[in-house]
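Novice: Data file target_26.pdb (PDB, C-alpha atoms, pLDDT in the B column) is appended below.
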ATOM      1  CA  MET A  24       0.000   0.000   0.000  1.00 44.00           C
ATOM      2  CA  ILE A  25       2.847   2.410   0.831  1.00 44.00           C
ATOM      3  CA  GLU A  26       4.463   1.713  -2.510  1.00 53.00           C
ATOM      4  CA  ARG A  27       1.230   2.401  -4.419  1.00 51.00           C
ATOM      5  CA  ALA A  28       0.628   5.629  -2.515  1.00 55.00           C
ATOM      6  CA  LEU A  29       4.212   6.680  -3.161  1.00 56.00           C
ATOM      7  CA  GLY A  30       3.783   6.005  -6.859  1.00 53.00           C
ATOM      8  CA  LYS A  31       0.824   8.405  -6.929  1.00 61.00           C
ATOM      9  CA  VAL A  32       2.855  11.110  -5.158  1.00 65.00           C
ATOM     10  CA  PHE A  33       5.677  10.944  -7.667  1.00 77.00           C
ATOM     11  CA  ASP A  34       3.306  10.601 -10.603  1.00 83.00           C
ATOM     12  CA  ARG A  35       2.176  14.155  -9.756  1.00 82.00           C
ATOM     13  CA  VAL A  36       5.700  15.453 -10.423  1.00 86.00           C
ATOM     14  CA  ALA A  37       6.799  12.985 -13.107  1.00 90.00           C
ATOM     15  CA  GLU A  38       7.315  15.628 -15.781  1.00 92.00           C
ATOM     16  CA  ALA A  39       9.506  17.772 -13.515  1.00 91.00           C
ATOM     17  CA  TYR A  40      11.388  14.683 -12.348  1.00 93.00           C
ATOM     18  CA  ASP A  41      12.143  13.605 -15.900  1.00 93.00           C
ATOM     19  CA  ALA A  42      13.157  17.073 -17.035  1.00 94.00           C
ATOM     20  CA  ALA A  43      15.280  18.271 -14.140  1.00 95.00           C
ATOM     21  CA  ARG A  44      16.578  15.545 -11.826  1.00 96.00           C
ATOM     22  CA  PRO A  45      20.365  15.192 -12.182  1.00 97.00           C
ATOM     23  CA  HIS A  46      22.029  12.327 -13.960  1.00 97.00           C
ATOM     24  CA  TYR A  47      24.925  10.451 -12.393  1.00 98.00           C
ATOM     25  CA  PRO A  48      28.526  11.199 -13.411  1.00 97.00           C
ATOM     26  CA  ASP A  49      30.420   8.581 -15.411  1.00 97.00           C
ATOM     27  CA  GLU A  50      32.574   7.761 -12.384  1.00 98.00           C
ATOM     28  CA  VAL A  51      29.566   6.163 -10.686  1.00 98.00           C
ATOM     29  CA  TYR A  52      29.264   3.461 -13.334  1.00 98.00           C
ATOM     30  CA  GLY A  53      32.965   2.701 -13.303  1.00 97.00           C
ATOM     31  CA  ALA A  54      32.893   2.435  -9.522  1.00 98.00           C
ATOM     32  CA  LEU A  55      29.780   0.230  -9.571  1.00 98.00           C
ATOM     33  CA  SER A  56      31.377  -2.277 -11.914  1.00 97.00           C
ATOM     34  CA  GLU A  57      34.749  -2.155 -10.149  1.00 97.00           C
ATOM     35  CA  ILE A  58      33.382  -2.649  -6.631  1.00 96.00           C
ATOM     36  CA  SER A  59      30.727  -5.239  -7.478  1.00 96.00           C
ATOM     37  CA  GLY A  60      32.930  -7.215  -9.851  1.00 96.00           C
ATOM     38  CA  VAL A  61      30.010  -7.317 -12.313  1.00 97.00           C
ATOM     39  CA  PRO A  62      30.743  -5.914 -15.797  1.00 97.00           C
ATOM     40  CA  LEU A  63      27.800  -3.783 -16.895  1.00 98.00           C
ATOM     41  CA  ALA A  64      28.002  -4.933 -20.510  1.00 98.00           C
ATOM     42  CA  GLY A  65      25.818  -8.041 -20.720  1.00 97.00           C
ATOM     43  CA  ALA A  66      24.644  -7.873 -17.099  1.00 98.00           C
ATOM     44  CA  THR A  67      21.012  -8.465 -16.174  1.00 98.00           C
ATOM     45  CA  VAL A  68      19.938  -5.640 -13.849  1.00 98.00           C
ATOM     46  CA  VAL A  69      16.741  -5.085 -11.876  1.00 98.00           C
ATOM     47  CA  ASP A  70      16.482  -1.315 -11.336  1.00 98.00           C
ATOM     48  CA  VAL A  71      14.155  -0.848  -8.363  1.00 98.00           C
ATOM     49  CA  GLY A  72      12.302   2.441  -8.079  1.00 97.00           C
ATOM     50  CA  ALA A  73      13.434   3.263 -11.596  1.00 97.00           C
ATOM     51  CA  GLY A  74      11.187   6.310 -11.905  1.00 95.00           C
ATOM     52  CA  THR A  75      11.618   8.008 -15.268  1.00 95.00           C
ATOM     53  CA  GLY A  76      14.694   5.909 -15.978  1.00 96.00           C
ATOM     54  CA  ILE A  77      17.708   8.065 -15.149  1.00 96.00           C
ATOM     55  CA  LEU A  78      19.781   5.081 -13.999  1.00 98.00           C
ATOM     56  CA  THR A  79      17.987   2.596 -16.282  1.00 97.00           C
ATOM     57  CA  ARG A  80      18.932   4.498 -19.429  1.00 96.00           C
ATOM     58  CA  ALA A  81      22.560   4.867 -18.381  1.00 97.00           C
ATOM     59  CA  LEU A  82      22.873   1.170 -17.581  1.00 97.00           C
ATOM     60  CA  GLN A  83      21.276   0.202 -20.886  1.00 96.00           C
ATOM     61  CA  ALA A  84      23.646   2.532 -22.735  1.00 95.00           C
ATOM     62  CA  ARG A  85      26.546   0.648 -21.154  1.00 97.00           C
ATOM     63  CA  GLY A  86      25.285  -2.697 -22.445  1.00 97.00           C
ATOM     64  CA  ALA A  87      23.173  -3.975 -19.556  1.00 97.00           C
ATOM     65  CA  ARG A  88      19.770  -5.647 -19.936  1.00 97.00           C
ATOM     66  CA  VAL A  89      17.522  -3.807 -17.499  1.00 97.00           C
ATOM     67  CA  LEU A  90      14.145  -4.521 -15.946  1.00 97.00           C
ATOM     68  CA  ALA A  91      12.828  -1.201 -14.594  1.00 97.00           C
ATOM     69  CA  VAL A  92      10.428  -1.605 -11.646  1.00 98.00           C
ATOM     70  CA  ASP A  93       8.436   1.311 -10.213  1.00 96.00           C
ATOM     71  CA  PRO A  94       5.002   1.784  -8.585  1.00 94.00           C
ATOM     72  CA  GLY A  95       4.266   4.941 -10.590  1.00 94.00           C
ATOM     73  CA  ALA A  96       2.580   4.439 -13.965  1.00 94.00           C
ATOM     74  CA  GLU A  97       3.183   8.043 -15.017  1.00 94.00           C
ATOM     75  CA  MET A  98       6.849   7.886 -13.999  1.00 94.00           C
ATOM     76  CA  LEU A  99       7.368   4.734 -16.041  1.00 95.00           C
ATOM     77  CA  SER A 100       5.558   6.259 -19.027  1.00 95.00           C
ATOM     78  CA  PHE A 101       8.413   8.750 -19.389  1.00 94.00           C
ATOM     79  CA  LEU A 102      10.935   5.917 -19.217  1.00 94.00           C
ATOM     80  CA  VAL A 103       9.079   3.926 -21.861  1.00 93.00           C
ATOM     81  CA  SER A 104       8.625   6.915 -24.185  1.00 92.00           C
ATOM     82  CA  ARG A 105      12.347   7.710 -24.049  1.00 87.00           C
ATOM     83  CA  LEU A 106      13.320   4.117 -24.731  1.00 84.00           C
ATOM     84  CA  SER A 107      10.639   3.229 -27.258  1.00 74.00           C
ATOM     85  CA  GLY A 108      12.078   0.791 -29.778  1.00 72.00           C
ATOM     86  CA  THR A 109      15.273   0.337 -27.751  1.00 79.00           C
ATOM     87  CA  ALA A 110      16.411  -3.209 -27.067  1.00 85.00           C
ATOM     88  CA  GLY A 111      17.551  -4.328 -23.652  1.00 89.00           C
ATOM     89  CA  VAL A 112      14.974  -2.594 -21.420  1.00 94.00           C
ATOM     90  CA  ALA A 113      11.619  -3.711 -20.035  1.00 95.00           C
ATOM     91  CA  ALA A 114       9.446  -1.787 -17.601  1.00 95.00           C
ATOM     92  CA  VAL A 115       6.872  -3.068 -15.124  1.00 96.00           C
ATOM     93  CA  ILE A 116       4.723  -1.459 -12.461  1.00 96.00           C
ATOM     94  CA  GLY A 117       5.800  -3.178  -9.294  1.00 96.00           C
ATOM     95  CA  ASP A 118       6.829  -3.065  -5.677  1.00 93.00           C
ATOM     96  CA  GLY A 119      10.457  -3.182  -4.542  1.00 96.00           C
ATOM     97  CA  ASN A 120       9.339  -5.224  -1.548  1.00 97.00           C
ATOM     98  CA  VAL A 121       7.856  -7.908  -3.845  1.00 97.00           C
ATOM     99  CA  LEU A 122      10.011  -7.993  -6.954  1.00 97.00           C
ATOM    100  CA  PRO A 123       8.316  -9.376 -10.085  1.00 96.00           C
ATOM    101  CA  VAL A 124      11.290 -11.574 -11.015  1.00 97.00           C
ATOM    102  CA  ALA A 125      12.290 -15.207 -10.704  1.00 97.00           C
ATOM    103  CA  ASP A 126      14.776 -16.478  -8.147  1.00 98.00           C
ATOM    104  CA  GLY A 127      18.405 -16.131  -9.192  1.00 98.00           C
ATOM    105  CA  SER A 128      17.649 -14.161 -12.340  1.00 98.00           C
ATOM    106  CA  ALA A 129      19.732 -10.975 -11.889  1.00 98.00           C
ATOM    107  CA  ASP A 130      23.391 -10.027 -11.755  1.00 98.00           C
ATOM    108  CA  LEU A 131      22.664  -6.671 -10.126  1.00 98.00           C
ATOM    109  CA  VAL A 132      19.790  -5.149  -8.187  1.00 98.00           C
ATOM    110  CA  THR A 133      20.046  -1.361  -8.102  1.00 98.00           C
ATOM    111  CA  TYR A 134      18.296   1.377  -6.142  1.00 98.00           C
ATOM    112  CA  ALA A 135      18.824   4.951  -7.374  1.00 98.00           C
ATOM    113  CA  GLN A 136      17.294   7.493  -4.973  1.00 96.00           C
ATOM    114  CA  SER A 137      14.772   4.831  -3.982  1.00 96.00           C
ATOM    115  CA  TRP A 138      15.757   2.321  -1.292  1.00 96.00           C
ATOM    116  CA  HIS A 139      14.769   4.634   1.594  1.00 94.00           C
ATOM    117  CA  TRP A 140      11.116   4.304   0.511  1.00 94.00           C
ATOM    118  CA  LEU A 141      11.176   0.512   0.973  1.00 96.00           C
ATOM    119  CA  ASP A 142      10.972  -1.842   3.922  1.00 96.00           C
ATOM    120  CA  PRO A 143      14.659  -2.248   4.840  1.00 94.00           C
ATOM    121  CA  ALA A 144      14.519  -5.937   5.705  1.00 94.00           C
ATOM    122  CA  VAL A 145      11.937  -7.155   3.190  1.00 96.00           C
ATOM    123  CA  SER A 146      13.467  -5.316   0.224  1.00 96.00           C
ATOM    124  CA  ILE A 147      16.942  -6.700   0.866  1.00 96.00           C
ATOM    125  CA  ALA A 148      15.557 -10.216   1.271  1.00 96.00           C
ATOM    126  CA  GLU A 149      13.864  -9.801  -2.103  1.00 97.00           C
ATOM    127  CA  ALA A 150      17.079  -8.574  -3.695  1.00 97.00           C
ATOM    128  CA  ARG A 151      18.950 -11.591  -2.314  1.00 96.00           C
ATOM    129  CA  ARG A 152      16.288 -13.883  -3.756  1.00 97.00           C
ATOM    130  CA  ALA A 153      16.552 -12.240  -7.171  1.00 98.00           C
ATOM    131  CA  LEU A 154      20.338 -12.386  -7.397  1.00 98.00           C
ATOM    132  CA  ARG A 155      22.438 -15.089  -8.954  1.00 97.00           C
ATOM    133  CA  PRO A 156      25.470 -16.405  -7.039  1.00 96.00           C
ATOM    134  CA  GLY A 157      28.122 -13.707  -7.261  1.00 94.00           C
ATOM    135  CA  GLY A 158      25.544 -10.990  -7.872  1.00 97.00           C
ATOM    136  CA  ALA A 159      25.448  -7.693  -6.026  1.00 97.00           C
ATOM    137  CA  MET A 160      23.124  -4.979  -4.750  1.00 97.00           C
ATOM    138  CA  ALA A 161      23.942  -1.312  -5.236  1.00 97.00           C
ATOM    139  CA  ALA A 162      22.270   1.835  -3.951  1.00 97.00           C
ATOM    140  CA  CYS A 163      23.138   5.411  -4.835  1.00 97.00           C
ATOM    141  CA  TRP A 164      21.902   8.868  -3.964  1.00 97.00           C
ATOM    142  CA  ASN A 165      22.724  12.065  -5.848  1.00 97.00           C
ATOM    143  CA  LEU A 166      23.013  14.773  -3.177  1.00 96.00           C
ATOM    144  CA  ALA A 167      23.597  18.501  -3.250  1.00 95.00           C
ATOM    145  CA  ASP A 168      26.583  19.163  -0.978  1.00 96.00           C
ATOM    146  CA  ALA A 169      25.289  21.994   1.212  1.00 95.00           C
ATOM    147  CA  ARG A 170      28.466  21.895   3.317  1.00 93.00           C
ATOM    148  CA  ALA A 171      30.529  23.142   0.390  1.00 95.00           C
ATOM    149  CA  VAL A 172      29.107  26.636  -0.251  1.00 97.00           C
ATOM    150  CA  GLU A 173      27.219  29.100   1.929  1.00 97.00           C
ATOM    151  CA  TRP A 174      24.496  29.964  -0.582  1.00 97.00           C
ATOM    152  CA  LEU A 175      23.417  26.329  -0.841  1.00 97.00           C
ATOM    153  CA  ALA A 176      23.401  25.856   2.929  1.00 96.00           C
ATOM    154  CA  ASP A 177      21.181  28.956   3.257  1.00 96.00           C
ATOM    155  CA  TYR A 178      18.899  27.705   0.477  1.00 97.00           C
ATOM    156  CA  GLU A 179      18.429  24.328   2.206  1.00 96.00           C
ATOM    157  CA  ALA A 180      17.784  26.039   5.558  1.00 96.00           C
ATOM    158  CA  ARG A 181      14.977  28.111   4.042  1.00 96.00           C
ATOM    159  CA  LEU A 182      13.438  24.993   2.479  1.00 95.00           C
ATOM    160  CA  SER A 183      13.562  23.291   5.859  1.00 94.00           C
ATOM    161  CA  ALA A 184      11.693  26.198   7.443  1.00 94.00           C
ATOM    162  CA  GLU A 185       9.010  26.472   4.748  1.00 95.00           C
ATOM    163  CA  ALA A 186       8.305  22.926   3.535  1.00 94.00           C
ATOM    164  CA  PRO A 187       6.861  20.788   6.375  1.00 92.00           C
ATOM    165  CA  GLY A 188       7.891  17.484   4.813  1.00 91.00           C
ATOM    166  CA  TYR A 189      11.441  18.554   3.985  1.00 93.00           C
ATOM    167  CA  TRP A 190      14.148  16.048   4.864  1.00 89.00           C
ATOM    168  CA  GLY A 191      17.690  16.940   3.879  1.00 90.00           C
ATOM    169  CA  PRO A 192      21.053  18.364   4.929  1.00 89.00           C
ATOM    170  CA  ALA A 193      19.504  21.319   6.771  1.00 90.00           C
ATOM    171  CA  HIS A 194      18.372  18.869   9.479  1.00 89.00           C
ATOM    172  CA  GLU A 195      21.118  17.966  11.936  1.00 85.00           C
ATOM    173  CA  GLN A 196      19.744  14.416  12.156  1.00 87.00           C
ATOM    174  CA  TRP A 197      19.862  13.920   8.397  1.00 90.00           C
ATOM    175  CA  ARG A 198      22.059  11.055   7.218  1.00 91.00           C
ATOM    176  CA  VAL A 199      22.280   8.968   4.077  1.00 92.00           C
ATOM    177  CA  PRO A 200      19.815   6.070   4.271  1.00 93.00           C
ATOM    178  CA  PRO A 201      21.339   3.200   6.283  1.00 92.00           C
ATOM    179  CA  ILE A 202      21.470   0.610   3.523  1.00 93.00           C
ATOM    180  CA  ALA A 203      25.059  -0.202   4.486  1.00 90.00           C
ATOM    181  CA  THR A 204      23.710  -1.813   7.661  1.00 89.00           C
ATOM    182  CA  ALA A 205      21.232  -3.926   5.726  1.00 88.00           C
ATOM    183  CA  PHE A 206      23.625  -6.107   3.772  1.00 83.00           C
ATOM    184  CA  GLU A 207      27.220  -7.251   3.780  1.00 82.00           C
ATOM    185  CA  VAL A 208      28.894  -4.156   2.358  1.00 85.00           C
ATOM    186  CA  VAL A 209      31.673  -4.589  -0.147  1.00 88.00           C
ATOM    187  CA  GLU A 210      32.402  -0.874  -0.201  1.00 95.00           C
ATOM    188  CA  GLU A 211      30.911   2.573   0.332  1.00 96.00           C
ATOM    189  CA  ARG A 212      32.163   5.419  -1.818  1.00 96.00           C
ATOM    190  CA  TRP A 213      31.537   9.158  -2.154  1.00 97.00           C
ATOM    191  CA  ILE A 214      31.928  10.576  -5.660  1.00 98.00           C
ATOM    192  CA  PRO A 215      32.034  14.398  -5.913  1.00 98.00           C
ATOM    193  CA  TRP A 216      31.022  16.334  -9.006  1.00 98.00           C
ATOM    194  CA  THR A 217      29.690  19.769  -9.983  1.00 98.00           C
ATOM    195  CA  ARG A 218      26.365  20.435 -11.693  1.00 98.00           C
ATOM    196  CA  ARG A 219      26.093  23.536 -13.883  1.00 98.00           C
ATOM    197  CA  ILE A 220      22.429  24.379 -14.152  1.00 98.00           C
ATOM    198  CA  GLY A 221      20.132  27.283 -14.932  1.00 98.00           C
ATOM    199  CA  ILE A 222      17.938  28.701 -12.179  1.00 98.00           C
ATOM    200  CA  GLU A 223      14.681  27.575 -13.814  1.00 98.00           C
ATOM    201  CA  GLU A 224      15.886  23.980 -14.211  1.00 98.00           C
ATOM    202  CA  PHE A 225      17.147  24.042 -10.622  1.00 98.00           C
ATOM    203  CA  LEU A 226      13.688  25.134  -9.454  1.00 98.00           C
ATOM    204  CA  LEU A 227      12.036  22.484 -11.625  1.00 97.00           C
ATOM    205  CA  ASP A 228      14.224  19.927  -9.838  1.00 96.00           C
ATOM    206  CA  LEU A 229      12.935  21.342  -6.545  1.00 96.00           C
ATOM    207  CA  ARG A 230       9.357  20.753  -7.691  1.00 95.00           C
ATOM    208  CA  SER A 231      10.129  17.078  -8.332  1.00 94.00           C
ATOM    209  CA  HIS A 232      10.694  16.270  -4.651  1.00 93.00           C
ATOM    210  CA  SER A 233       8.073  14.482  -2.569  1.00 90.00           C
ATOM    211  CA  TYR A 234       7.865  17.233   0.046  1.00 92.00           C
ATOM    212  CA  MET A 235       6.957  19.698  -2.711  1.00 93.00           C
ATOM    213  CA  ALA A 236       4.408  17.325  -4.236  1.00 89.00           C
ATOM    214  CA  ALA A 237       2.750  17.119  -0.817  1.00 89.00           C
ATOM    215  CA  LEU A 238       2.138  20.885  -0.687  1.00 92.00           C
ATOM    216  CA  PRO A 239      -1.018  22.489  -2.110  1.00 93.00           C
ATOM    217  CA  ASP A 240      -0.317  23.876  -5.586  1.00 92.00           C
ATOM    218  CA  GLU A 241      -0.592  27.500  -4.477  1.00 96.00           C
ATOM    219  CA  ALA A 242       1.786  27.037  -1.538  1.00 96.00           C
ATOM    220  CA  ALA A 243       4.304  25.202  -3.706  1.00 95.00           C
ATOM    221  CA  GLY A 244       4.149  27.957  -6.330  1.00 96.00           C
ATOM    222  CA  GLU A 245       4.698  30.661  -3.726  1.00 97.00           C
ATOM    223  CA  LEU A 246       7.662  28.814  -2.224  1.00 97.00           C
ATOM    224  CA  VAL A 247       9.250  28.413  -5.660  1.00 97.00           C
ATOM    225  CA  GLY A 248       8.656  32.091  -6.365  1.00 98.00           C
ATOM    226  CA  ARG A 249      10.534  33.105  -3.231  1.00 97.00           C
ATOM    227  CA  ARG A 250      13.447  30.847  -4.084  1.00 98.00           C
ATOM    228  CA  ARG A 251      13.512  32.223  -7.649  1.00 98.00           C
ATOM    229  CA  ALA A 252      13.745  35.828  -6.437  1.00 98.00           C
ATOM    230  CA  GLU A 253      16.564  34.976  -4.029  1.00 97.00           C
ATOM    231  CA  LEU A 254      18.557  33.030  -6.600  1.00 98.00           C
ATOM    232  CA  GLN A 255      18.122  35.654  -9.309  1.00 98.00           C
ATOM    233  CA  ALA A 256      19.399  38.326  -6.930  1.00 98.00           C
ATOM    234  CA  ALA A 257      22.433  36.228  -5.997  1.00 97.00           C
ATOM    235  CA  PHE A 258      23.182  34.914  -9.509  1.00 98.00           C
ATOM    236  CA  PRO A 259      22.199  37.565 -12.080  1.00 97.00           C
ATOM    237  CA  ASP A 260      23.659  35.511 -14.949  1.00 98.00           C
ATOM    238  CA  GLY A 261      21.075  32.815 -14.148  1.00 98.00           C
ATOM    239  CA  ILE A 262      23.610  29.971 -13.885  1.00 98.00           C
ATOM    240  CA  LEU A 263      24.368  27.967 -10.747  1.00 98.00           C
ATOM    241  CA  SER A 264      27.377  25.795  -9.979  1.00 98.00           C
ATOM    242  CA  VAL A 265      25.960  23.274  -7.569  1.00 98.00           C
ATOM    243  CA  PRO A 266      28.443  21.092  -5.650  1.00 98.00           C
ATOM    244  CA  MET A 267      27.153  17.531  -5.691  1.00 97.00           C
ATOM    245  CA  ARG A 268      28.266  14.184  -4.322  1.00 97.00           C
ATOM    246  CA  VAL A 269      27.007  10.702  -5.025  1.00 98.00           C
ATOM    247  CA  TYR A 270      26.864   8.197  -2.188  1.00 97.00           C
ATOM    248  CA  LEU A 271      27.316   4.674  -3.540  1.00 97.00           C
ATOM    249  CA  ALA A 272      27.044   1.516  -1.441  1.00 97.00           C
ATOM    250  CA  VAL A 273      27.610  -1.927  -2.954  1.00 97.00           C
ATOM    251  CA  GLY A 274      26.936  -5.175  -1.139  1.00 94.00           C
ATOM    252  CA  ARG A 275      26.225  -8.847  -1.579  1.00 82.00           C
TER
END
So that I can check it, write out the structure of this file as structure tokens.

Specialist:
Amino acid sequence: MIERALGKVFDRVAEAYDAARPHYPDEVYGALSEISGVPLAGATVVDVGAGTGILTRALQARGARVLAVDPGAEMLSFLVSRLSGTAGVAAVIGDGNVLPVADGSADLVTYAQSWHWLDPAVSIAEARRALRPGGAMAACWNLADARAVEWLADYEARLSAEAPGYWGPAHEQWRVPPIATAFEVVEERWIPWTRRIGIEEFLLDLRSHSYMAALPDEAAGELVGRRRAELQAAFPDGILSVPMRVYLAVGR
């Protein structure tokens, strides 16, 4: 039930998610293959919580066969439309706690920005069931690094004050989801990168988050308007350099 409800939340912001969520830097894919010992070319991957297919498309482009699983029909529609006629990808509406795959059928089970929405014990048990001997699980989160620059720390603090459902680096208790405690970790790795992005795309990314989707439309629009005015005053050229870091955890 939680998964279905979550799918409806993200379906509300599917267009913004597809248009503005960041992709992962190339180093993530090299690290994933290196740490897991699974070459991406020819691998069978179950991408759990695939959304609009940010990770799915990158894995497919590197030669993997990918089954994209997500509870949101609208989210998956963007994935399917982008990959229409492309071999090596299938998409199914499904629950990461009850994977629609046979035992021992996958080389990798991946979670990009998604594992924290699942039951920590049940989802990992399902991943173990789905994996072949020697297979691996991998989770990654693309995070703005608010510690790195003052403007971003201030921006996150204002979001924390104005969006009731906000959960992020402005909260002292905020940590990366504890997937490393859920399976035998091969390695955890932080991969820094910088995202150059226009203000409007940055604000569209903001709209794609669950805490924004939970706000009434008028309140969300007003919040975005305040952030726009602040960013335009601070960056008159309209371009932001956003320090990012990817947290990657790989386990068996």

Novice: Looking at A:Gln83, A:Arg212, A:Gly127, A:Asp70, which one is nearest to A:Ala114, with distances taken over all atoms listed in the file?

Specialist: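 The answer is A:Asp70, which sits nearest to A:Ala114.
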
Novice: So that I can see what lies close to A:Glu149, please list as a ChimeraX atom specification the residues with an atom at most 12 Å from it, counting all atoms listed in the file and leaving out residues fewer than 3 positions away in the same chain.

Specialist: /A:69,71,118-129,132,141-146,152-154,160,206

Novice: So what do you get for atom CA of A:Ala150 versus atom CA of A:Gly108, distance-wise?

Specialist: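 Taking atom CA of A:Ala150 and atom CA of A:Gly108, their separation equals 28.2 Å.
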
Novice: With the PyMOL selection byres ((chain A and resi 275) around 7) as the selection, what would be picked from this file? Answer as an mmCIF file with C-alpha atoms, keeping the file's coordinate frame, please.

Specialist:
data_model
loop_
_atom_site.group_PDB
_atom_site.id
_atom_site.type_symbol
_atom_site.label_atom_id
_atom_site.label_comp_id
_atom_site.auth_asym_id
_atom_site.auth_seq_id
_atom_site.Cartn_x
_atom_site.Cartn_y
_atom_site.Cartn_z
ATOM 1 C CA GLY A 158 25.544 -10.990 -7.872
ATOM 2 C CA ALA A 159 25.448 -7.693 -6.026
ATOM 3 C CA MET A 160 23.124 -4.979 -4.750
ATOM 4 C CA PHE A 206 23.625 -6.107 3.772
ATOM 5 C CA GLU A 207 27.220 -7.251 3.780
ATOM 6 C CA VAL A 208 28.894 -4.156 2.358
ATOM 7 C CA GLY A 274 26.936 -5.175 -1.139
#

Novice: Please provide the set of residues having any atom within 12 Å of A:Tyr234, restricted to only C-alpha atoms, with same-chain residues fewer than 2 positions apart removed, written as a PyMOL selection string.

Specialist: chain A and resi 29+32-33+35-36+182-183+185-191+229-232+236-240+242-243+246

Novice: Is there a way to get, as JSON, numbers by chain, all residues within 8 Å of the point (23.2, -9.8, -15.1) in file coordinates, counting only C-alpha atoms?

Specialist: {"A": [61, 63, 65, 66, 67, 68, 87, 88, 128, 129, 130, 131, 158]}

Novice: Could you please determine the separation between atom CA of A:Val112 and atom CA of A:Arg80 in Å, to one decimal place?

Specialist: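 Computing the Euclidean distance for atom CA of A:Val112 and atom CA of A:Arg80 yields 8.4 Å.
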
Novice: Any chance you could resolve the PyMOL selection byres ((chain A and resi 105) around 12) against this file and give the residues as a list in words?

Specialist: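 Answer for the PyMOL selection byres ((chain A and resi 105) around 12): Asp41, Ala42, Thr75, Gly76, Ile77, Thr79, Arg80, Met98, Leu99, Ser100, Phe101, Leu102, Val103, Ser104, Leu106, Ser107, Gly108, Thr109, Val112 and Ala114 of chain A.
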
Novice: Rank A:Thr217, A:Gly74, A:Ser56, A:Thr133 by their smallest atom-to-atom distance to A:Val89, using only C-alpha atoms, and report the top residue only.

Specialist: A:Thr133

Novice: Give the centre and edge lengths of an axis-aligned box, in Å to one decimal, that holds all listed atoms of stretch 239-248 of chain A with 4 Å on each side, as lines of an AutoDock Vina configuration file.

Specialist:
center_x = 4.1
center_y = 27.3
center_z = -4.0
size_x = 18.3
size_y = 17.6
size_z = 12.8

Novice: Which residue gives the smallest distance to A:Gly221 among A:Glu50, A:Asp260, A:Glu57, A:Glu173, with all atoms listed in the file counted?

Specialist: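 Smallest distance to A:Gly221 is found for A:Asp260.
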
Novice: What is the atom CA of A:Ile262-atom CA of A:Ile222 distance in Å, reported with one decimal?

Specialist: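 Answer for the atom CA of A:Ile262 to atom CA of A:Ile222 separation: 6.1 Å.
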
Novice: Using all atoms listed in the file, can you tell me which of A:Ala184, A:Ile116, A:Ala81, A:Ala73 comes closest to A:Gly53?

Specialist: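 Closest residue, counting all atoms listed in the file: A:Ala81.
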
Novice: For A:Ala135, find every residue with an atom within 7 Å (counting all atoms listed in the file), except residues of its own chain fewer than 3 positions away, and show them as a compact mmCIF listing (two decimals) with C-alpha atoms, in the frame of the given file.

Specialist:
# COMPACT_ATOMS: atom_id res chain seq x y z
CA LEU A 78 19.78 5.08 -14.00
CA ALA A 162 22.27 1.84 -3.95
CA CYS A 163 23.14 5.41 -4.84
CA TRP A 164 21.90 8.87 -3.96

Novice: Scan for residues within 7 Å of the point (29.5, 6.5, -7.3) in the coordinates of the file, using all atoms listed in the file, and reply as a PDB file with C-alpha atoms, keeping the file's coordinate frame.

Specialist:
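The result, stored in part_6.pdb:
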ATOM      1  CA  GLU A  50      32.574   7.761 -12.384  1.00 98.00           C
ATOM      2  CA  VAL A  51      29.566   6.163 -10.686  1.00 98.00           C
ATOM      3  CA  TYR A  52      29.264   3.461 -13.334  1.00 98.00           C
ATOM      4  CA  ALA A  54      32.893   2.435  -9.522  1.00 98.00           C
ATOM      5  CA  LEU A  55      29.780   0.230  -9.571  1.00 98.00           C
ATOM      6  CA  CYS A 163      23.138   5.411  -4.835  1.00 97.00           C
ATOM      7  CA  ARG A 212      32.163   5.419  -1.818  1.00 96.00           C
ATOM      8  CA  TRP A 213      31.537   9.158  -2.154  1.00 97.00           C
ATOM      9  CA  ILE A 214      31.928  10.576  -5.660  1.00 98.00           C
ATOM     10  CA  VAL A 269      27.007  10.702  -5.025  1.00 98.00           C
ATOM     11  CA  TYR A 270      26.864   8.197  -2.188  1.00 97.00           C
ATOM     12  CA  LEU A 271      27.316   4.674  -3.540  1.00 97.00           C
TER      13      LEU A 271
END

Novice: Using the chain letters and numbers from the file, give me the residues hit by the PyMOL selection byres ((chain A and resi 193-200) around 6), as a list in words.

Specialist: His139, Glu179, Ala180, Gly191, Pro192, Pro201 and Ile202 of chain A
